[in-house]
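Structure file input-v2.pdb (PDB, C-alpha atoms) follows.
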```pdb
ATOM      1  CA  MET A 871      10.047 -19.360 123.739
ATOM      2  CA  PHE A 872       8.974 -22.376 125.802
ATOM      3  CA  GLU A 873       9.092 -25.735 124.035
ATOM      4  CA  LEU A 874       9.632 -29.463 124.521
ATOM      5  CA  ALA A 875      12.802 -31.013 123.194
ATOM      6  CA  GLN A 876      11.073 -34.424 122.796
ATOM      7  CA  PRO A 877       7.314 -33.721 122.538
ATOM      8  CA  LEU A 878       6.513 -37.271 121.368
ATOM      9  CA  ALA A 879       7.527 -38.473 124.823
ATOM     10  CA  LEU A 880       4.100 -37.322 126.065
ATOM     11  CA  LEU A 881       2.625 -40.329 124.273
ATOM     12  CA  LEU A 882       3.979 -42.405 127.173
ATOM     13  CA  LEU A 883       1.514 -40.845 129.633
ATOM     14  CA  PRO A 884      -1.206 -43.567 129.302
ATOM     15  CA  LEU A 885       1.329 -46.426 129.341
ATOM     16  CA  PRO A 886       0.588 -47.618 132.928
ATOM     17  CA  TRP A 887      -3.168 -47.626 132.236
ATOM     18  CA  LEU A 888      -2.631 -49.626 129.024
ATOM     19  CA  VAL A 889      -0.485 -52.151 130.863
ATOM     20  CA  GLN A 890      -3.109 -52.470 133.590
ATOM     21  CA  ARG A 891      -5.974 -52.703 131.079
ATOM     22  CA  PHE A 892      -4.566 -55.263 128.668
ATOM     23  CA  MET A 893      -2.116 -57.187 130.821
ATOM     24  CA  ALA A 894      -4.183 -57.571 134.020
ATOM     25  CA  ALA A 895      -3.339 -60.649 136.026
ATOM     26  CA  ARG A 896      -5.854 -63.443 135.637
ATOM     27  CA  SER A 897      -7.393 -64.827 138.789
ATOM     28  CA  VAL A 898      -6.061 -68.212 139.724
ATOM     29  CA  GLY A 899      -8.319 -70.714 141.395
ATOM     30  CA  GLY A 900      -7.137 -72.415 144.523
ATOM     31  CA  ARG A 901      -7.524 -72.706 148.207
ATOM     32  CA  ALA A 902      -8.297 -69.554 150.194
ATOM     33  CA  LEU A 903      -5.985 -68.361 152.926
ATOM     34  CA  VAL A 904      -7.739 -68.760 156.269
ATOM     35  CA  LEU A 905      -6.749 -66.294 158.972
ATOM     36  CA  PRO A 906      -7.716 -66.346 162.631
ATOM     37  CA  ARG A 907     -10.789 -64.206 163.213
ATOM     38  CA  ARG A 908      -8.951 -61.825 165.515
ATOM     39  CA  VAL A 909      -6.189 -61.132 162.948
ATOM     40  CA  GLY A 910      -8.699 -60.630 160.142
ATOM     41  CA  GLU A 911     -10.765 -58.174 162.193
ATOM     42  CA  GLU A 912      -7.638 -56.208 163.104
ATOM     43  CA  LEU A 913      -6.488 -55.908 159.450
ATOM     44  CA  LEU A 914      -9.970 -54.866 158.338
ATOM     45  CA  ALA A 915     -10.162 -52.190 161.058
ATOM     46  CA  ARG A 916      -6.764 -50.765 160.124
ATOM     47  CA  ALA A 917      -7.680 -50.621 156.448
ATOM     48  CA  ARG A 918     -10.954 -48.776 157.275
ATOM     49  CA  ARG A 919      -9.323 -46.083 159.365
ATOM     50  CA  GLY A 920      -6.184 -45.764 157.176
ATOM     51  CA  GLY A 921      -3.974 -47.074 160.024
ATOM     52  CA  ALA A 922      -0.743 -45.338 161.060
ATOM     53  CA  GLY A 923       1.889 -45.578 158.298
ATOM     54  CA  VAL A 924      -0.586 -46.916 155.692
ATOM     55  CA  VAL A 925      -1.436 -44.935 152.579
ATOM     56  CA  GLY A 926      -4.997 -45.301 151.391
ATOM     57  CA  VAL A 927      -5.290 -46.900 147.961
ATOM     58  CA  PRO A 928      -6.713 -43.774 146.215
ATOM     59  CA  LEU A 929      -4.002 -41.564 147.702
ATOM     60  CA  ARG A 930      -1.251 -43.989 146.853
ATOM     61  CA  ASP A 931      -2.450 -44.553 143.295
ATOM     62  CA  GLY A 932      -2.908 -40.817 142.765
ATOM     63  CA  ALA A 933       0.627 -40.109 143.978
ATOM     64  CA  LEU A 934       2.084 -42.799 141.734
ATOM     65  CA  TRP A 935       0.117 -41.565 138.709
ATOM     66  CA  LEU A 936       1.304 -38.007 139.342
ATOM     67  CA  ALA A 937       4.903 -39.206 139.715
ATOM     68  CA  TRP A 938       4.671 -41.029 136.382
ATOM     69  CA  ALA A 939       3.238 -37.935 134.677
ATOM     70  CA  LEU A 940       6.057 -35.791 136.073
ATOM     71  CA  LEU A 941       8.682 -38.278 134.857
ATOM     72  CA  VAL A 942       7.203 -38.230 131.363
ATOM     73  CA  VAL A 943       7.182 -34.434 131.369
ATOM     74  CA  ALA A 944      10.825 -34.427 132.478
ATOM     75  CA  PHE A 945      11.724 -36.905 129.720
ATOM     76  CA  SER A 946      10.033 -34.664 127.129
ATOM     77  CA  GLY A 947      12.633 -31.987 127.885
ATOM     78  CA  PRO A 948      10.847 -28.738 128.788
ATOM     79  CA  ARG A 949      13.098 -25.773 127.970
ATOM     80  CA  ASP A 950      13.183 -22.252 126.634
ATOM     81  CA  LEU A 951      15.768 -19.973 125.051
ATOM     82  CA  ALA A 952      17.942 -18.368 127.709
ATOM     83  CA  PRO A 953      17.630 -14.575 127.849
ATOM     84  CA  VAL A 954      21.240 -13.940 126.809
ATOM     85  CA  SER A 955      22.756 -12.310 123.768
ATOM     86  CA  ALA A 956      23.225 -14.967 121.114
ATOM     87  CA  LEU A 957      26.769 -15.467 119.877
ATOM     88  CA  LYS A 958      27.155 -14.536 116.223
ATOM     89  CA  VAL A 959      29.329 -17.172 114.614
ATOM     90  CA  SER A 960      31.606 -15.585 112.012
ATOM     91  CA  GLY A 961      32.739 -18.840 110.402
ATOM     92  CA  ARG A 962      36.384 -17.822 110.894
ATOM     93  CA  ASP A 963      39.231 -19.719 112.529
ATOM     94  CA  LEU A 964      41.921 -17.305 113.731
ATOM     95  CA  ALA A 965      45.229 -18.528 115.145
ATOM     96  CA  ILE A 966      47.590 -16.202 117.006
ATOM     97  CA  ALA A 967      51.242 -17.280 116.712
ATOM     98  CA  LEU A 968      53.194 -15.472 119.446
ATOM     99  CA  ASP A 969      56.980 -15.210 119.631
ATOM    100  CA  LEU A 970      58.215 -16.019 123.161
ATOM    101  CA  SER A 971      61.939 -15.986 122.388
ATOM    102  CA  GLY A 972      64.473 -14.472 124.765
ATOM    103  CA  SER A 973      64.516 -11.079 123.036
ATOM    104  CA  MET A 974      60.905 -10.450 124.133
ATOM    105  CA  VAL A 975      62.289  -9.575 127.564
ATOM    106  CA  ARG A 976      63.831  -6.313 126.273
ATOM    107  CA  ASP A 977      62.229  -3.304 127.928
ATOM    108  CA  ASP A 978      62.274  -0.865 124.995
ATOM    109  CA  PHE A 979      58.532  -0.070 124.902
ATOM    110  CA  ASP A 980      56.863   2.841 126.627
ATOM    111  CA  LEU A 981      53.429   2.358 128.163
ATOM    112  CA  ASP A 982      51.706   5.144 130.113
ATOM    113  CA  GLY A 983      55.028   6.822 130.832
ATOM    114  CA  ARG A 984      56.882   3.711 132.015
ATOM    115  CA  GLN A 985      59.242   1.307 130.335
ATOM    116  CA  VAL A 986      57.818  -2.154 129.736
ATOM    117  CA  THR A 987      59.136  -5.259 128.050
ATOM    118  CA  ARG A 988      58.046  -6.264 124.577
ATOM    119  CA  LEU A 989      56.183  -9.188 126.077
ATOM    120  CA  GLU A 990      54.242  -6.972 128.503
ATOM    121  CA  ALA A 991      53.163  -4.714 125.655
ATOM    122  CA  VAL A 992      52.051  -7.686 123.572
ATOM    123  CA  GLN A 993      50.202  -9.227 126.521
ATOM    124  CA  ILE A 994      48.191  -6.071 127.185
ATOM    125  CA  VAL A 995      47.264  -5.304 123.578
ATOM    126  CA  GLY A 996      47.023  -8.948 122.454
ATOM    127  CA  ALA A 997      44.645  -9.918 125.275
ATOM    128  CA  GLU A 998      42.451  -6.920 124.504
ATOM    129  CA  PHE A 999      42.433  -7.899 120.823
ATOM    130  CA  ALA A1000      41.411 -11.490 121.693
ATOM    131  CA  ARG A1001      38.528 -10.249 123.831
ATOM    132  CA  ARG A1002      37.136  -8.350 120.833
ATOM    133  CA  ARG A1003      36.965 -11.480 118.654
ATOM    134  CA  GLY A1004      33.555 -12.731 119.769
ATOM    135  CA  GLY A1005      32.194 -15.068 117.092
ATOM    136  CA  ASP A1006      35.627 -16.250 115.912
ATOM    137  CA  ARG A1007      37.240 -19.500 116.953
ATOM    138  CA  LEU A1008      40.613 -18.561 118.420
ATOM    139  CA  ALA A1009      43.742 -20.606 118.970
ATOM    140  CA  LEU A1010      47.103 -19.659 120.463
ATOM    141  CA  ILE A1011      50.490 -20.991 119.349
ATOM    142  CA  VAL A1012      53.662 -19.916 121.145
ATOM    143  CA  PHE A1013      57.117 -20.430 119.717
ATOM    144  CA  GLY A1014      60.762 -19.949 120.591
ATOM    145  CA  SER A1015      63.221 -22.679 119.751
ATOM    146  CA  GLU A1016      60.177 -24.963 119.428
ATOM    147  CA  ALA A1017      56.494 -24.327 118.757
ATOM    148  CA  TYR A1018      53.709 -25.381 121.135
ATOM    149  CA  TYR A1019      49.930 -25.384 120.976
ATOM    150  CA  ALA A1020      49.006 -23.254 124.008
ATOM    151  CA  MET A1021      45.242 -23.117 123.381
ATOM    152  CA  PRO A1022      43.109 -25.172 120.952
ATOM    153  CA  PHE A1023      40.513 -23.564 118.707
ATOM    154  CA  THR A1024      37.686 -22.355 120.902
ATOM    155  CA  PHE A1025      34.906 -19.784 121.110
ATOM    156  CA  ASP A1026      36.041 -19.078 124.687
ATOM    157  CA  ILE A1027      37.875 -15.844 123.848
ATOM    158  CA  GLU A1028      38.363 -15.015 127.536
ATOM    159  CA  ALA A1029      40.376 -18.202 128.040
ATOM    160  CA  VAL A1030      42.637 -17.274 125.106
ATOM    161  CA  ALA A1031      43.064 -13.731 126.442
ATOM    162  CA  GLN A1032      44.070 -15.060 129.859
ATOM    163  CA  GLU A1033      46.547 -17.464 128.259
ATOM    164  CA  ILE A1034      48.173 -14.529 126.443
ATOM    165  CA  GLU A1035      48.334 -12.540 129.681
ATOM    166  CA  THR A1036      50.109 -15.377 131.500
ATOM    167  CA  SER A1037      52.586 -16.307 128.755
ATOM    168  CA  VAL A1038      56.133 -16.846 130.047
ATOM    169  CA  ILE A1039      59.355 -16.283 128.154
ATOM    170  CA  GLY A1040      61.564 -19.355 127.880
ATOM    171  CA  ILE A1041      58.836 -21.986 128.079
ATOM    172  CA  SER A1042      59.411 -22.779 124.395
ATOM    173  CA  GLY A1043      63.139 -22.024 124.284
ATOM    174  CA  ARG A1044      64.965 -18.752 123.714
ATOM    175  CA  ALA A1045      65.686 -18.956 119.955
ATOM    176  CA  THR A1046      63.259 -17.783 117.240
ATOM    177  CA  ASN A1047      61.682 -20.515 115.115
ATOM    178  CA  ILE A1048      59.191 -18.612 112.959
ATOM    179  CA  SER A1049      58.827 -21.511 110.520
ATOM    180  CA  ASP A1050      57.659 -24.004 113.136
ATOM    181  CA  GLY A1051      55.350 -21.457 114.774
ATOM    182  CA  LEU A1052      53.566 -20.793 111.498
ATOM    183  CA  GLY A1053      53.754 -24.447 110.486
ATOM    184  CA  LEU A1054      52.023 -25.638 113.654
ATOM    185  CA  ALA A1055      49.218 -23.131 113.100
ATOM    186  CA  LEU A1056      48.754 -24.447 109.555
ATOM    187  CA  LYS A1057      48.803 -28.058 110.751
ATOM    188  CA  ARG A1058      45.879 -27.378 113.076
ATOM    189  CA  MET A1059      44.035 -25.441 110.382
ATOM    190  CA  SER A1060      44.332 -28.356 107.961
ATOM    191  CA  GLU A1061      41.673 -30.071 110.107
ATOM    192  CA  SER A1062      39.368 -27.048 110.036
ATOM    193  CA  ASP A1063      36.346 -26.639 107.754
ATOM    194  CA  ALA A1064      35.938 -22.916 108.536
ATOM    195  CA  ALA A1065      35.021 -20.659 105.635
ATOM    196  CA  SER A1066      37.822 -18.225 106.558
ATOM    197  CA  LYS A1067      41.228 -19.139 107.997
ATOM    198  CA  VAL A1068      43.614 -16.523 109.349
ATOM    199  CA  VAL A1069      46.944 -16.556 111.186
ATOM    200  CA  ILE A1070      48.325 -13.530 113.022
ATOM    201  CA  LEU A1071      52.087 -14.022 113.339
ATOM    202  CA  LEU A1072      53.997 -11.775 115.751
ATOM    203  CA  SER A1073      57.769 -11.864 116.030
ATOM    204  CA  ASP A1074      60.522  -9.538 117.257
ATOM    205  CA  GLY A1075      63.503 -11.440 115.885
ATOM    206  CA  VAL A1076      65.150 -13.307 113.050
ATOM    207  CA  ASN A1077      64.375 -16.924 112.189
ATOM    208  CA  ASN A1078      67.392 -18.760 113.635
ATOM    209  CA  ALA A1079      66.044 -22.228 114.444
ATOM    210  CA  GLY A1080      64.361 -25.057 112.582
ATOM    211  CA  ALA A1081      65.135 -26.672 109.250
ATOM    212  CA  THR A1082      62.321 -25.088 107.220
ATOM    213  CA  LYS A1083      62.474 -21.649 105.591
ATOM    214  CA  PRO A1084      59.672 -19.223 106.569
ATOM    215  CA  LEU A1085      58.826 -18.395 102.943
ATOM    216  CA  GLY A1086      58.320 -22.069 102.165
ATOM    217  CA  VAL A1087      55.764 -22.290 104.960
ATOM    218  CA  ALA A1088      54.127 -19.104 103.660
ATOM    219  CA  GLU A1089      53.671 -20.748 100.246
ATOM    220  CA  LEU A1090      51.981 -23.687 101.968
ATOM    221  CA  ALA A1091      49.645 -21.234 103.687
ATOM    222  CA  ALA A1092      48.753 -19.724 100.307
ATOM    223  CA  ASP A1093      48.014 -23.185  98.897
ATOM    224  CA  MET A1094      45.726 -23.877 101.881
ATOM    225  CA  GLY A1095      43.876 -20.573 101.482
ATOM    226  CA  VAL A1096      45.141 -19.268 104.830
ATOM    227  CA  ARG A1097      45.844 -15.542 105.119
ATOM    228  CA  VAL A1098      48.811 -14.675 107.309
ATOM    229  CA  HIS A1099      48.993 -11.187 108.809
ATOM    230  CA  THR A1100      52.450 -10.491 110.219
ATOM    231  CA  ILE A1101      53.579  -8.049 112.916
ATOM    232  CA  ALA A1102      57.266  -7.072 113.080
ATOM    233  CA  LEU A1103      57.868  -5.929 116.644
ATOM    234  CA  GLY A1104      60.797  -3.828 117.878
ATOM    235  CA  PRO A1105      62.448  -0.433 117.480
ATOM    236  CA  LYS A1106      65.068  -1.647 114.969
ATOM    237  CA  ASP A1107      64.927  -4.049 112.053
ATOM    238  CA  LEU A1108      67.511  -6.123 110.242
ATOM    239  CA  GLU A1109      67.660  -3.758 107.270
ATOM    240  CA  SER A1110      68.583  -0.623 109.228
ATOM    241  CA  ALA A1111      70.468  -2.025 112.235
ATOM    242  CA  GLU A1112      74.239  -2.079 112.504
ATOM    243  CA  GLU A1113      75.999  -5.330 111.730
ATOM    244  CA  GLY A1114      75.942  -7.675 114.706
ATOM    245  CA  GLU A1115      73.379  -5.650 116.633
ATOM    246  CA  ARG A1116      71.126  -7.797 118.789
ATOM    247  CA  GLY A1117      67.374  -7.613 119.398
ATOM    248  CA  VAL A1118      66.453  -6.607 115.840
ATOM    249  CA  VAL A1119      63.510  -7.940 113.843
ATOM    250  CA  ASP A1120      63.551  -9.389 110.334
ATOM    251  CA  ALA A1121      60.782  -7.154 109.013
ATOM    252  CA  ARG A1122      61.602  -8.017 105.385
ATOM    253  CA  THR A1123      60.916 -11.743 105.867
ATOM    254  CA  LEU A1124      57.723 -11.087 107.808
ATOM    255  CA  ARG A1125      56.558  -8.731 105.072
ATOM    256  CA  ALA A1126      57.279 -11.387 102.431
ATOM    257  CA  ILE A1127      55.310 -14.011 104.399
ATOM    258  CA  ALA A1128      52.280 -11.733 104.417
ATOM    259  CA  GLU A1129      52.574 -10.916 100.707
ATOM    260  CA  VAL A1130      52.909 -14.566  99.655
ATOM    261  CA  SER A1131      49.853 -15.647 101.684
ATOM    262  CA  GLY A1132      47.640 -12.687 100.788
ATOM    263  CA  GLY A1133      47.791 -11.059 104.198
ATOM    264  CA  GLU A1134      48.943  -7.695 105.517
ATOM    265  CA  SER A1135      52.227  -6.789 107.175
ATOM    266  CA  PHE A1136      52.607  -4.315 110.052
ATOM    267  CA  ARG A1137      55.635  -2.611 111.554
ATOM    268  CA  VAL A1138      55.437  -1.903 115.281
ATOM    269  CA  ARG A1139      57.953   0.299 117.144
ATOM    270  CA  THR A1140      55.807   1.622 119.985
ATOM    271  CA  THR A1141      52.876   0.509 122.094
ATOM    272  CA  GLU A1142      50.709   2.995 120.177
ATOM    273  CA  ASP A1143      51.703   1.259 116.929
ATOM    274  CA  LEU A1144      50.709  -2.082 118.441
ATOM    275  CA  GLN A1145      47.288  -0.742 119.419
ATOM    276  CA  GLN A1146      46.767   0.657 115.915
ATOM    277  CA  VAL A1147      47.666  -2.743 114.457
ATOM    278  CA  ALA A1148      45.027  -4.420 116.642
ATOM    279  CA  ASP A1149      42.449  -1.905 115.416
ATOM    280  CA  ALA A1150      43.509  -2.438 111.794
ATOM    281  CA  LEU A1151      43.195  -6.213 112.156
ATOM    282  CA  ASP A1152      39.701  -5.716 113.566
ATOM    283  CA  ARG A1153      38.792  -3.895 110.362
ATOM    284  CA  LEU A1154      40.508  -6.422 108.078
ATOM    285  CA  GLU A1155      38.873  -9.397 109.795
ATOM    286  CA  ALA A1156      35.536  -7.875 110.796
ATOM    287  CA  ASN A1157      33.500 -10.137 113.063
ATOM    288  CA  ASP A1158      30.094  -8.424 112.979
ATOM    289  CA  SER A1159      28.795 -11.109 110.669
ATOM    290  CA  ASP A1160      25.127 -11.999 110.388
ATOM    291  CA  GLY A1161      26.069 -15.631 110.666
ATOM    292  CA  LEU A1162      24.165 -18.286 112.543
ATOM    293  CA  ALA A1163      23.290 -17.434 116.100
ATOM    294  CA  ALA A1164      24.150 -20.024 118.702
ATOM    295  CA  GLU A1165      20.966 -21.112 120.524
ATOM    296  CA  ILE A1166      21.450 -21.411 124.284
ATOM    297  CA  TYR A1167      18.641 -23.194 126.128
ATOM    298  CA  ARG A1168      17.619 -23.227 129.781
ATOM    299  CA  ASP A1169      16.461 -26.728 130.741
ATOM    300  CA  TYR A1170      13.607 -27.301 133.188
ATOM    301  CA  TRP A1171      13.498 -31.126 133.274
ATOM    302  CA  PRO A1172      15.230 -31.412 136.706
ATOM    303  CA  TRP A1173      12.214 -29.828 138.438
ATOM    304  CA  PRO A1174       9.529 -32.363 137.418
ATOM    305  CA  ALA A1175      12.073 -35.173 137.841
ATOM    306  CA  ALA A1176      12.803 -34.056 141.411
ATOM    307  CA  ALA A1177       9.079 -33.735 142.196
ATOM    308  CA  ALA A1178       8.481 -37.278 140.925
ATOM    309  CA  ALA A1179      11.282 -38.594 143.130
ATOM    310  CA  LEU A1180       9.800 -36.870 146.181
ATOM    311  CA  LEU A1181       6.382 -38.391 145.490
ATOM    312  CA  CYS A1182       7.890 -41.847 145.244
ATOM    313  CA  LEU A1183       9.721 -41.329 148.537
ATOM    314  CA  PHE A1184       6.451 -40.181 150.108
ATOM    315  CA  VAL A1185       4.662 -43.379 149.068
ATOM    316  CA  ILE A1186       7.535 -45.563 150.278
ATOM    317  CA  ALA A1187       7.698 -43.782 153.611
ATOM    318  CA  ARG A1188       3.958 -44.131 154.295
ATOM    319  CA  ASP A1189       3.638 -47.779 153.324
ATOM    320  CA  PRO A1190       4.032 -50.361 156.110
ATOM    321  CA  ALA A1191       7.289 -52.142 156.476
TER     322      ALA A1191
END
```
For this file, write the structure as structure tokens.
Amino acid sequence: MFELAQPLALLLLPLPWLVQRFMAARSVGGRALVLPRRVGEELLARARRGGAGVVGVPLRDGALWLAWALLVVAFSGPRDLAPVSALKVSGRDLAIALDLSGSMVRDDFDLDGRQVTRLEAVQIVGAEFARRRGGDRLALIVFGSEAYYAMPFTFDIEAVAQEIETSVIGISGRATNISDGLGLALKRMSESDAASKVVILLSDGVNNAGATKPLGVAELAADMGVRVHTIALGPKDLESAEEGERGVVDARTLRAIAEVSGGESFRVRTTEDLQQVADALDRLEANDSDGLAAEIYRDYWPWPAAAAALLCLFVIARDPA
């Protein structure tokens, strides 16, 4: 629907006439300027025939009046709603905390008949999951020995998906610091006023870095009203693996984090499991809300502004030097 962003600006249209009407220059008495007869006759003749490079007064005034009207119209902000699908805002902030420790390089996942690393599997399914979160504000935290904020909260789900797809093992260290990964997500959410706050925590290892215990951070999440859904990734877990075996996941701790915070815990051993988890999270955190639609406008003010500028250039170009 076409509308004006600042309709009251149209009240400025008669401003030049009002200035001319009520602030007209008073005539000042004095001596007249006497010109030689030949010069006077030449100026009079040029004015009568419109002389080369001279704009007639009616034409000049009309152009200037039209330029003023176009500027006022531009200032009033003509616009209409862009013909695009409005974004439904769910009112949810969702942070993805992704483990990028050294064990994510293990190639013990099968995808379309070929062996892939844990990270590759997470990148494919995680990016697809992010692209389905239209209406949520997404953020991405990556952690290894340290935790880093890879992507701030944003409605640009494609940017988050691409960041997941380009994640690199080792950028945050090769240990597994679950506590700091979850803690950083909570720190950012403490500044959020979203109605719903969710963290999806994915890890394939055992917390072996940082001074804080994961369950202590989970209790903080519960106090903040943040649900934490956890994903334990890997064929073997700490409970069933042989003593000293490497590349196992602490599924028990991840399950406890979810229970303390009111979230759900998932166990993933195959790529198919990971896809089912993404689908389950879509159901748990549905984003087909009837929330407020974001209004996206198409602005038309540059067109009258450009036309006014061209008219002014026309008058300047036709006037004598």
Would you please work out which residue, of A:Ser971, A:Gly983, A:Gly1086, A:Ala933, is nearest to A:Arg1188 when using all atoms listed in the file? A:Ala933
How big is the axis-aligned box around the listed atoms of stretch 1068-1087 of chain A once 8 Å is added on each side, and where is its centre? Give both in Å to one decimal, as JSON.
```
{"center_x": 55.5, "center_y": -18.1, "center_z": 109.7, "size_x": 39.8, "size_y": 33.1, "size_z": 31.1}
```
I'd like the residues picked by the PyMOL selection byres ((chain A and resi 871-878) around 10) written out as a list in words, using the chain letters and numbers from the file.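 Listing what the PyMOL selection byres ((chain A and resi 871-878) around 10) selects in the shown file: Ala879, Leu880, Leu881, Leu882, Val942, Val943, Ala944, Phe945, Ser946, Gly947, Pro948, Arg949, Asp950, Leu951, Ala952, Pro953, Tyr1167, Arg1168, Asp1169, Tyr1170 and Trp1171 of chain A.
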Nearest candidate to A:Arg1153 (options A:Glu1134, A:Val1185, A:Val959, A:Glu1028; using all atoms listed in the file): A:Glu1134
Need the neighbours of (64.6, -11.8, 106.1): which residues are at most 10 Å away, counting only C-alpha atoms, as a PyMOL selection string? chain A and resi 1075-1077+1084-1085+1107-1109+1119-1127
One residue among A:Asp1074, A:Asp1143, A:Glu1035, A:Asp1093 is nearest to A:Arg1001 when using all atoms listed in the file, and that residue is A:Glu1035
Might you spell out which residues the PyMOL selection byres ((chain A and resi 1005) around 6) would select in the displayed file, as a ChimeraX atom specification? /A:958-960,1004,1006
Mind checking which residues fall within 12 Å of stretch 1061-1064 of chain A, counting all atoms listed in the file, ignoring those fewer than 6 positions away in the same chain, and posting them as a list in words?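 So, after excluding close chain neighbours, the residues are Val959, Ser960, Gly961, Arg962, Asp963, Leu964, Ala965, Asp1006, Arg1007, Leu1008, Ala1009, Pro1022, Phe1023, Thr1024, Leu1054, Ala1055, Met1094, Gly1095 and Val1096 of chain A.
Pairwise distance (atom CA of A:Leu970, atom CA of A:Ala1079) equals 13.3 Å.
Going from atom CA of A:Leu934 to atom CA of A:Ala1177 covers 11.5 Å.
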So which one's closest to A:Lys1067, A:Gly1133, A:Asp1050, A:Tyr1019, A:Gly1040? Using only C-alpha atoms, please. A:Gly1133
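With all atoms listed in the file as the atoms that count, the residue of A:Ile1186, A:Ala1081, A:Val1087, A:Ala991 with the shortest distance to A:Glu1142 is A:Ala991.
The coordinates place atom CA of A:Leu968 at 6.1 Å from atom CA of A:Ile1011.
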I'd like the contact shell of A:Leu940 - 6 Å cut-off, all atoms listed in the file, skipping same-chain residues fewer than 3 positions apart - returned as an MDAnalysis selection string. chainID A and resid 937 943 1174 1178
Between A:Trp1173, A:Trp938, A:Phe999, A:Phe892, which is the closest to A:Ile1027 once you count all atoms listed in the file? A:Phe999
